[in-house]
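target-v6.cif follows; it contains mmCIF, C-alpha atoms.
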data_coords
loop_
_atom_site.label_atom_id
_atom_site.label_comp_id
_atom_site.auth_asym_id
_atom_site.auth_seq_id
_atom_site.Cartn_x
_atom_site.Cartn_y
_atom_site.Cartn_z
CA MET C 26 0.00 0.00 0.00
CA THR C 27 1.33 3.43 -0.97
CA GLU C 28 2.46 5.52 1.97
CA PRO C 29 0.86 8.94 2.52
CA ILE C 30 2.20 12.36 1.59
CA TYR C 31 0.42 14.08 4.50
CA VAL C 32 -0.15 13.09 8.14
CA PRO C 33 -2.58 15.40 10.00
CA ALA C 34 -2.91 14.82 13.75
CA LEU C 35 -6.64 14.95 14.41
CA PRO C 36 -8.91 14.24 17.37
CA ALA C 37 -11.29 11.32 16.87
CA ARG C 38 -14.31 13.63 17.05
CA ARG C 39 -17.27 13.91 14.70
CA SER C 40 -16.07 17.24 13.27
CA ALA C 41 -12.68 15.87 12.18
CA LEU C 42 -14.09 12.49 11.12
CA GLY C 43 -16.75 14.26 9.09
CA ALA C 44 -14.07 16.37 7.45
CA TYR C 45 -12.05 13.31 6.48
CA ASP C 46 -15.19 11.67 5.09
CA ALA C 47 -15.88 14.79 2.98
CA LEU C 48 -12.48 14.78 1.26
CA ALA C 49 -12.49 14.41 -2.50
CA PRO C 50 -11.56 10.96 -3.92
CA ASP C 51 -8.26 12.31 -5.26
CA VAL C 52 -7.29 13.72 -1.84
CA ARG C 53 -8.23 11.05 0.67
CA PRO C 54 -5.76 8.30 -0.42
CA CYS C 55 -2.88 10.76 0.04
CA VAL C 56 -3.81 11.46 3.67
CA ALA C 57 -3.14 9.16 6.64
CA PRO C 58 -4.39 10.80 9.84
CA LEU C 59 -2.88 10.33 13.26
CA TRP C 60 -6.12 10.00 15.22
CA THR C 61 -6.02 10.69 18.96
CA VAL C 62 -8.95 9.47 21.06
CA PRO C 63 -9.96 12.32 23.41
CA PRO C 64 -10.63 11.60 27.09
CA ARG C 65 -14.25 10.92 28.02
CA VAL C 66 -14.04 13.15 31.10
CA GLY C 67 -11.34 15.41 32.52
CA ALA C 68 -8.83 17.46 30.57
CA ARG C 69 -5.44 15.86 30.02
CA ARG C 70 -2.23 16.69 28.23
CA LEU C 71 -0.59 14.48 25.66
CA GLY C 72 2.65 13.06 27.02
CA ARG C 73 1.81 13.63 30.69
CA ARG C 74 0.45 10.67 32.61
CA PRO C 75 -1.97 11.32 35.47
CA PHE C 76 -1.20 10.07 38.96
CA ARG C 77 -4.36 7.97 39.01
CA PRO C 78 -7.22 7.02 36.67
CA LEU C 79 -9.50 9.97 36.03
CA ASP C 80 -12.65 8.38 34.63
CA PRO C 81 -15.20 7.48 37.34
CA ASP C 82 -17.26 5.22 35.06
CA PRO C 83 -15.17 2.38 33.54
CA PRO C 84 -18.05 0.83 31.51
CA ALA C 85 -18.82 4.22 30.00
CA LEU C 86 -15.15 4.66 29.15
CA LEU C 87 -15.08 1.33 27.32
CA GLY C 88 -18.16 2.41 25.39
CA HIS C 89 -16.42 5.70 24.57
CA LEU C 90 -13.35 3.87 23.25
CA ARG C 91 -15.35 1.40 21.19
CA ALA C 92 -17.54 4.13 19.73
CA ALA C 93 -14.45 6.07 18.68
CA LEU C 94 -12.93 2.96 17.13
CA HIS C 95 -16.07 2.12 15.18
CA ARG C 96 -16.26 5.66 13.82
CA LEU C 97 -12.60 5.47 12.80
CA MET C 98 -13.10 2.13 11.05
CA ALA C 99 -16.06 3.50 9.12
CA ALA C 100 -14.22 6.68 8.14
CA GLN C 101 -10.97 5.00 7.08
CA ASN C 102 -12.64 2.15 5.18
CA GLY C 103 -9.37 0.23 5.00
CA LEU C 104 -7.06 3.17 4.26
CA PRO C 105 -4.00 3.52 6.52
CA ALA C 106 -4.13 5.64 9.68
CA TRP C 107 -2.76 5.60 13.21
CA VAL C 108 -4.84 5.59 16.39
CA ASP C 109 -3.41 6.89 19.66
CA ALA C 110 -5.32 6.02 22.85
CA PHE C 111 -2.86 7.77 25.19
CA HIS C 112 -5.66 9.46 27.17
CA ALA C 113 -7.09 6.08 28.20
CA GLU C 114 -3.91 4.11 28.79
CA ASP C 115 -3.75 4.86 32.52
CA GLU C 116 -7.34 3.83 33.17
CA PRO C 117 -8.13 0.27 34.42
CA GLY C 118 -6.05 -2.14 32.37
CA HIS C 119 -8.82 -4.51 31.36
CA LEU C 120 -10.63 -1.70 29.54
CA VAL C 121 -7.68 -0.88 27.33
CA THR C 122 -7.12 -4.60 26.77
CA GLU C 123 -10.66 -4.88 25.41
CA PHE C 124 -10.03 -1.87 23.18
CA ARG C 125 -6.84 -3.45 21.83
CA ARG C 126 -8.69 -6.68 21.04
CA ASP C 127 -11.09 -4.67 18.92
CA LEU C 128 -8.18 -2.86 17.28
CA VAL C 129 -6.63 -6.13 16.09
CA ARG C 130 -9.58 -6.63 13.76
CA THR C 131 -8.94 -3.34 11.93
CA SER C 132 -6.33 -1.95 9.55
CA LEU C 133 -5.55 0.89 11.97
CA ARG C 134 -2.01 1.21 13.28
CA PRO C 135 -1.67 1.49 17.08
CA VAL C 136 0.69 4.06 18.59
CA THR C 137 3.23 3.86 21.39
CA GLY C 138 6.02 6.11 22.65
CA ILE C 139 9.16 6.21 24.75
CA GLU C 140 7.39 7.90 27.70
CA ARG C 141 4.75 5.17 27.93
CA ASP C 142 4.58 2.21 30.24
CA ILE C 143 6.54 -0.84 29.13
CA GLY C 144 3.37 -2.91 29.33
CA GLN C 145 1.66 -0.53 26.90
CA GLN C 146 4.62 -0.73 24.53
CA MET C 147 4.57 -4.53 24.53
CA ALA C 148 0.79 -4.71 24.16
CA THR C 149 0.92 -2.29 21.23
CA ALA C 150 3.50 -4.50 19.52
CA GLU C 151 1.29 -7.54 20.11
CA VAL C 152 -1.63 -5.78 18.41
CA ALA C 153 0.59 -4.79 15.49
CA ARG C 154 1.85 -8.34 15.11
CA ALA C 155 -1.65 -9.80 15.22
CA SER C 156 -3.21 -7.27 12.84
CA GLY C 157 -0.32 -7.11 10.38
CA SER C 158 -0.74 -3.34 10.02
CA GLY C 159 2.37 -2.28 11.90
CA LEU C 160 2.60 0.48 14.50
CA GLY C 161 3.71 4.05 15.05
CA ILE C 162 6.18 5.42 17.58
CA ARG C 163 5.12 8.97 18.50
CA VAL C 164 8.08 10.95 19.80
CA LEU C 165 7.01 14.16 21.56
CA LEU C 166 9.84 16.62 21.02
CA ARG C 167 9.66 19.53 23.46
CA THR C 168 13.35 20.34 23.86
CA LEU C 169 16.63 19.92 22.01
CA PRO C 170 17.13 16.14 21.74
CA ASP C 171 20.30 14.43 22.87
CA GLU C 172 21.74 10.93 23.07
CA ARG C 173 19.33 10.03 25.85
CA LEU C 174 16.44 10.26 23.37
CA ARG C 175 18.35 8.03 20.98
CA ASP C 176 19.00 5.46 23.70
CA GLU C 177 15.39 5.47 24.91
CA ALA C 178 14.02 5.13 21.38
CA GLY C 179 16.58 2.44 20.57
CA GLY C 180 15.54 0.48 23.65
CA LEU C 181 11.89 0.71 22.58
CA VAL C 182 12.70 -0.46 19.04
CA GLU C 183 14.57 -3.46 20.45
CA ARG C 184 11.76 -4.20 22.91
CA ILE C 185 9.11 -4.43 20.20
CA ALA C 186 11.28 -6.19 17.62
CA PHE C 187 9.54 -9.49 18.39
CA ALA C 188 6.47 -8.21 16.49
CA ARG C 189 8.39 -8.28 13.19
CA CYS C 190 6.15 -5.60 11.74
CA PRO C 191 6.57 -2.26 9.94
CA VAL C 192 7.25 0.65 12.29
CA ASP C 193 6.63 4.35 11.65
CA LEU C 194 8.38 7.30 13.28
CA LEU C 195 5.97 10.13 14.13
CA LEU C 196 8.11 13.04 15.30
CA ASP C 197 5.74 15.49 16.99
CA LEU C 198 7.09 18.97 17.81
CA GLY C 199 3.78 20.24 19.18
CA GLY C 200 3.04 23.95 18.88
CA VAL C 201 5.35 26.05 16.71
CA VAL C 202 3.91 29.57 16.77
CA ASP C 203 7.04 31.72 16.65
CA GLU C 204 9.38 32.27 13.73
CA HIS C 205 12.29 32.34 16.20
CA ALA C 206 11.46 28.93 17.68
CA PRO C 207 14.34 26.46 17.26
CA ALA C 208 12.02 23.81 15.81
CA GLU C 209 14.08 23.21 12.68
CA LYS C 210 17.23 22.63 14.75
CA TRP C 211 15.39 20.23 17.06
CA ALA C 212 13.84 18.31 14.18
CA LEU C 213 17.12 17.93 12.29
CA ARG C 214 18.88 16.79 15.46
CA ALA C 215 16.14 14.26 16.25
CA LEU C 216 16.13 12.88 12.71
CA GLY C 217 19.88 12.50 12.86
CA LEU C 218 19.64 10.57 16.12
CA LEU C 219 16.57 8.45 15.37
CA GLY C 220 16.80 7.91 11.63
CA PRO C 221 19.59 5.30 11.78
CA LEU C 222 17.90 3.28 14.54
CA HIS C 223 15.49 1.45 12.26
CA ARG C 224 14.34 1.00 8.71
CA TRP C 225 11.23 3.10 9.24
CA ARG C 226 8.25 2.58 6.96
CA THR C 227 7.19 6.24 7.29
CA VAL C 228 8.97 9.18 8.90
CA ALA C 229 6.62 12.10 9.55
CA VAL C 230 7.41 15.42 11.22
CA LEU C 231 4.35 17.07 12.78
CA ALA C 232 3.88 20.54 14.24
CA GLY C 233 0.96 22.89 14.78
CA SER C 234 0.71 26.65 14.29
CA PHE C 235 -3.00 27.29 14.73
CA PRO C 236 -3.33 29.76 17.66
CA ARG C 237 -4.90 28.60 20.92
CA VAL C 238 -6.21 32.08 21.75
CA LEU C 239 -8.98 33.45 19.57
CA PRO C 240 -8.52 36.87 17.98
CA GLU C 241 -9.90 39.79 19.98
CA GLY C 242 -13.37 41.07 19.17
CA TYR C 243 -15.57 40.20 16.24
CA GLY C 244 -16.77 42.24 13.33
CA ALA C 245 -13.24 43.59 12.88
CA PRO C 246 -11.08 42.69 9.85
CA LEU C 247 -9.95 39.08 9.75
CA VAL C 248 -6.85 38.21 11.75
CA GLU C 249 -3.96 36.37 10.06
CA ALA C 250 -1.81 33.77 11.83
CA HIS C 251 1.34 32.56 10.12
CA ARG C 252 1.73 28.85 9.32
CA PHE C 253 5.14 28.27 10.88
CA ASP C 254 4.61 24.49 10.68
CA TRP C 255 4.56 24.75 6.87
CA ASP C 256 7.74 26.83 6.91
CA LEU C 257 9.40 24.27 9.19
CA TRP C 258 8.77 21.42 6.76
CA HIS C 259 10.10 23.44 3.83
CA MET C 260 13.25 24.28 5.78
CA LEU C 261 13.74 20.57 6.43
CA VAL C 262 13.19 19.27 2.91
CA ASP C 263 14.46 22.24 0.88
CA GLY C 264 17.10 23.68 3.20
CA PRO C 265 20.86 23.18 3.08
CA GLU C 266 20.88 20.55 5.89
CA ARG C 267 18.43 18.07 4.47
CA PRO C 268 17.84 14.93 6.58
CA GLY C 269 19.08 11.63 5.22
CA THR C 270 15.59 10.16 5.06
CA HIS C 271 12.38 11.06 3.27
CA VAL C 272 10.23 13.21 5.58
CA VAL C 273 6.44 13.33 5.31
CA TYR C 274 4.70 16.57 6.26
CA GLY C 275 2.36 16.58 9.25
CA ASP C 276 0.37 19.18 11.16
CA TYR C 277 -2.73 19.50 13.35
CA GLY C 278 -5.14 20.41 10.59
CA ALA C 279 -7.08 23.63 11.12
CA ASP C 280 -7.00 23.43 14.93
CA HIS C 281 -4.52 23.96 17.75
CA THR C 282 -2.38 21.19 19.20
CA GLY C 283 -4.56 20.64 22.28
CA GLY C 284 -7.69 19.78 20.34
CA ALA C 285 -7.70 16.14 21.51
CA ASP C 286 -6.77 16.81 25.14
CA HIS C 287 -10.24 17.58 26.48
CA PRO C 288 -13.68 15.95 26.38
CA GLY C 289 -16.34 17.13 23.97
CA THR C 290 -18.55 19.99 25.08
CA ALA C 291 -21.91 18.70 26.20
CA GLY C 292 -24.41 21.52 25.80
CA GLY C 293 -23.72 25.19 26.29
CA GLY C 294 -20.07 25.81 25.54
CA SER C 295 -18.30 29.06 24.93
CA PRO C 296 -20.29 32.06 23.69
CA TRP C 297 -17.52 32.61 21.15
CA GLY C 298 -16.11 30.50 18.34
CA VAL C 299 -13.85 30.96 15.33
CA VAL C 300 -14.33 30.58 11.61
CA ARG C 301 -11.12 29.82 9.78
CA TYR C 302 -9.54 29.52 6.37
CA THR C 303 -6.13 28.27 5.24
CA THR C 304 -4.13 30.17 2.66
CA ASP C 305 -0.75 29.21 1.25
CA ARG C 306 1.12 30.78 4.19
CA THR C 307 -1.43 31.83 6.83
CA PHE C 308 -4.68 31.09 8.63
CA LEU C 309 -7.46 33.66 8.24
CA LEU C 310 -9.40 33.80 11.51
CA GLY C 311 -12.60 35.48 12.57
CA ARG C 312 -14.03 35.46 16.10
CA VAL C 313 -17.81 35.06 16.04
CA PRO C 314 -20.60 34.64 18.61
CA THR C 315 -22.16 31.20 19.04
CA ARG C 316 -25.50 32.50 20.30
CA GLY C 317 -27.58 35.64 20.60
CA SER C 318 -30.17 37.40 18.48
CA GLU C 319 -27.60 38.62 15.94
CA HIS C 320 -25.51 35.46 15.93
CA SER C 321 -26.39 34.35 12.38
CA GLU C 322 -25.83 37.77 10.85
CA ALA C 323 -22.44 38.13 12.58
CA VAL C 324 -21.28 34.69 11.42
CA ARG C 325 -22.38 35.26 7.83
CA ALA C 326 -20.70 38.67 7.72
CA THR C 327 -17.39 37.24 8.90
CA VAL C 328 -17.58 34.27 6.54
CA ARG C 329 -18.34 36.70 3.74
CA GLU C 330 -15.02 38.39 4.47
CA ILE C 331 -13.29 35.05 3.95
CA VAL C 332 -15.14 34.31 0.72
CA GLU C 333 -14.35 37.77 -0.63
CA ALA C 334 -10.68 37.56 0.34
CA GLU C 335 -8.11 37.42 -2.46
CA ASP C 336 -6.87 33.99 -1.33
CA PHE C 337 -10.27 32.27 -1.37
CA ARG C 338 -9.98 29.39 -3.82
CA GLY C 339 -13.62 29.16 -4.91
CA ALA C 340 -16.57 26.97 -3.95
CA GLU C 341 -15.46 24.11 -6.20
CA PHE C 342 -12.11 23.54 -4.46
CA SER C 343 -13.48 21.38 -1.62
CA GLU C 344 -16.53 20.77 0.54
CA GLY C 345 -15.06 23.29 2.99
CA GLU C 346 -15.08 26.10 0.43
CA ARG C 347 -18.54 25.05 -0.72
CA TRP C 348 -19.92 25.39 2.81
CA LEU C 349 -18.26 28.77 3.34
CA ALA C 350 -19.64 30.11 0.06
CA SER C 351 -23.13 28.89 0.91
CA CYS C 352 -22.96 30.35 4.42
CA ALA C 353 -21.81 33.73 3.06
CA ASP C 354 -24.78 33.86 0.70
CA VAL C 355 -27.99 34.86 2.53
CA ARG C 356 -29.83 32.71 -0.03
CA GLY C 357 -27.54 29.75 0.65
CA SER C 358 -28.73 26.57 2.32
CA ALA C 359 -25.81 26.14 4.74
CA GLY C 360 -27.09 28.34 7.56
CA ALA C 361 -24.75 29.98 10.05
CA GLY C 362 -23.46 26.71 11.49
CA THR C 363 -22.01 25.88 14.90
CA PRO C 364 -18.44 25.63 16.24
CA ALA C 365 -18.33 21.97 15.19
CA VAL C 366 -19.52 22.83 11.69
CA TRP C 367 -16.97 25.67 11.38
CA LEU C 368 -14.21 23.30 12.49
CA ARG C 369 -15.34 20.60 10.05
CA ALA C 370 -15.32 23.07 7.16
CA GLY C 371 -11.93 24.35 8.30
CA HIS C 372 -10.42 20.87 8.36
CA VAL C 373 -11.82 19.93 4.93
CA GLN C 374 -10.44 22.95 3.08
CA HIS C 375 -7.15 22.82 5.02
CA ILE C 376 -6.47 19.16 4.23
CA ALA C 377 -7.38 19.68 0.57
CA GLN C 378 -5.13 22.73 0.31
CA VAL C 379 -2.16 21.04 2.00
CA THR C 380 -2.48 17.84 -0.05
CA ARG C 381 -2.56 19.68 -3.35
CA ALA C 382 0.34 21.93 -2.30
CA LEU C 383 2.39 18.84 -1.42
CA ARG C 384 1.64 17.35 -4.82
CA ARG C 385 2.90 20.49 -6.51
CA HIS C 386 6.05 20.38 -4.40
CA SER C 387 6.83 16.82 -5.39
#
Now, as a test, write the supplied structure out as C-alpha cells.
Amino acid sequence: MTEPIYVPALPARRSALGAYDALAPDVRPCVAPLWTVPPRVGARRLGRRPFRPLDPDPPALLGHLRAALHRLMAAQNGLPAWVDAFHAEDEPGHLVTEFRRDLVRTSLRPVTGIERDIGQQMATAEVARASGSGLGIRVLLRTLPDERLRDEAGGLVERIAFARCPVDLLLDLGGVVDEHAPAEKWALRALGLLGPLHRWRTVAVLAGSFPRVLPEGYGAPLVEAHRFDWDLWHMLVDGPERPGTHVVYGDYGADHTGGADHPGTAGGGSPWGVVRYTTDRTFLLGRVPTRGSEHSEAVRATVREIVEAEDFRGAEFSEGERWLASCADVRGSAGAGTPAVWLRAGHVQHIAQVTRALRRHS
C-alpha cells in the first residue's frame, strides 16, 4: 500500500471524522491521519500521565473507546491511519485490553512512545503483530534532543522487535507559533539521532501553528496567523541541511495542538467561536458569537469576508469552500453553522489545500 504524503494529527471527534469523510476521492488516499482518542471526562495533556485514573465510570469509558474505534473504522474504510489512545492508557487495564482486542480486527495502526509504560509498549506491539498493520512510535519533542532520546528510542525499538512488523516514526514537535522557535534545529537533530535506529516505513514530522487564543473582538477585519509548521517542513526538505531520510509533512489540521486533550462539550459551551480559512502561508481567523439574536448575521458577515478575500480558492475547491460560500450567501442553504460545523469546514479545506500543495512540491 502506498504511503501517505500528508499526516494530519486529528482528534477522533465527529467534526474531524466528518471532514475526512468529505475529502475528494483524489485527496483522501494521500492522507493518513494520526487520530487521537480524546478523554471521556477530565482534561489531560498528551505526554503527561496522570497520577491515578481519572474516569469514574469504567463501563462508560469502554463504550467511549469502542464508539471512537467504530467511527474510525467506518471513516478509514481500510485506508492507513494511526490511532493513539494515550488518554485512556492509565485507566483500568482490562478496559484498554478490550479496546486493543477490537483494534486487532482493523487496519488501523496502534501508537506507542518512549514515555509510555513498558506494558503498553509490549501490548501495542502484540496488536501490530496480530493485525499485520504495523505500529507508530510517536516521539514528543519539546526540547533539544540528545543521546538520551536516541537510547530510549533504541531500547523501545529493540523491545518491540519481536512483532516483526513495519514501524513508523511520528516526530511530533507540538506547537510552533514563533518564527524564532528552534524547531528546525530540534527536528534535524532528532532525525539525525533516530533515523539510523530502524528501517522506518514512514517518517513524519508534525507541528501545529493554529493559535490557541482566539482573535480579539468580532466584526473587525480578519486576523492572520502565520503557518510556521509549513515553513518548518520546507526548511527541512528544501534547506541546506536536508535529513538523510524522506520526511512526510504533518500538522494539526485547522486546529490547535490541544484539540484532543479535552472531552467534547456537552451543551452550552463558549459564547464565542472561530471561523477559519487556510491560505498558502497563513490562517485567516474570525471570532464570532455562538448564540444571541444577531448570531447568524455576525457569522455570515465574517464568513463573507473570507469568501471575498483574495486567497479564497472558490466553492469548487473542496466541501469546505462550498460550505463557506453557501454560508456567506444569505440565499444559501448552509445556515450559520455551529463551532463543530466551522471546524469541520476548516479541516476539509485545510487538508485539501495542503495535499494539493504537497503534490505540486513533489
- Message: With the PyMOL selection byres ((chain C and resi 235) around 8) as the selection, what would be picked from this file? Answer as a ChimeraX atom specification, please.
- Response: /C:202,233-234,236-237,250,252,277,279-282,308
- Written as a list of chain:residue names, what is the full residue list that the PyMOL selection byres ((chain C and resi 361) around 10) yields on the file shown?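 Applying the PyMOL selection byres ((chain C and resi 361) around 10) to the structure shown produces C:Thr315, C:His320, C:Ser321, C:Glu322, C:Ala323, C:Val324, C:Arg325, C:Ala326, C:Val328, C:Trp348, C:Leu349, C:Ser351, C:Cys352, C:Ala353, C:Val355, C:Gly357, C:Ser358, C:Ala359, C:Gly360, C:Gly362, C:Thr363, C:Pro364, C:Val366, C:Trp367.
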Would you export the selected residues with C-alpha atoms as a short mmCIF file (atom, residue, chain, number, x, y, z; two decimals), keeping the file's coordinate frame, please?
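Written output follows (part_36.cif):
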data_model
loop_
_atom_site.label_atom_id
_atom_site.label_comp_id
_atom_site.auth_asym_id
_atom_site.auth_seq_id
_atom_site.Cartn_x
_atom_site.Cartn_y
_atom_site.Cartn_z
CA THR C 315 -22.16 31.20 19.04
CA HIS C 320 -25.51 35.46 15.93
CA SER C 321 -26.39 34.35 12.38
CA GLU C 322 -25.83 37.77 10.85
CA ALA C 323 -22.44 38.13 12.58
CA VAL C 324 -21.28 34.69 11.42
CA ARG C 325 -22.38 35.26 7.83
CA ALA C 326 -20.70 38.67 7.72
CA VAL C 328 -17.58 34.27 6.54
CA TRP C 348 -19.92 25.39 2.81
CA LEU C 349 -18.26 28.77 3.34
CA SER C 351 -23.13 28.89 0.91
CA CYS C 352 -22.96 30.35 4.42
CA ALA C 353 -21.81 33.73 3.06
CA VAL C 355 -27.99 34.86 2.53
CA GLY C 357 -27.54 29.75 0.65
CA SER C 358 -28.73 26.57 2.32
CA ALA C 359 -25.81 26.14 4.74
CA GLY C 360 -27.09 28.34 7.56
CA GLY C 362 -23.46 26.71 11.49
CA THR C 363 -22.01 25.88 14.90
CA PRO C 364 -18.44 25.63 16.24
CA VAL C 366 -19.52 22.83 11.69
CA TRP C 367 -16.97 25.67 11.38
#
- Message: Env of Gly289 (chain C): 12 Å cut, atoms = all atoms listed in the file, seq-sep filter 3 positions within chain, self excluded. Answer as a VMD selection string.
- Response: chain C and resid 36 to 40 62 to 68 89 284 to 286 292 to 294 364 to 365
- Query: CA of Val201 (chain C) and CA of Ile139 (chain C), how far apart in Å?
  - Reply: 21.7 Å
- Item | Point-to-point distance in Å for CA of Tyr45 (chain C) and CA of Ala382 (chain C) |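 Separation between CA of Ala382 (chain C) and CA of Tyr45 (chain C): 17.5 Å.
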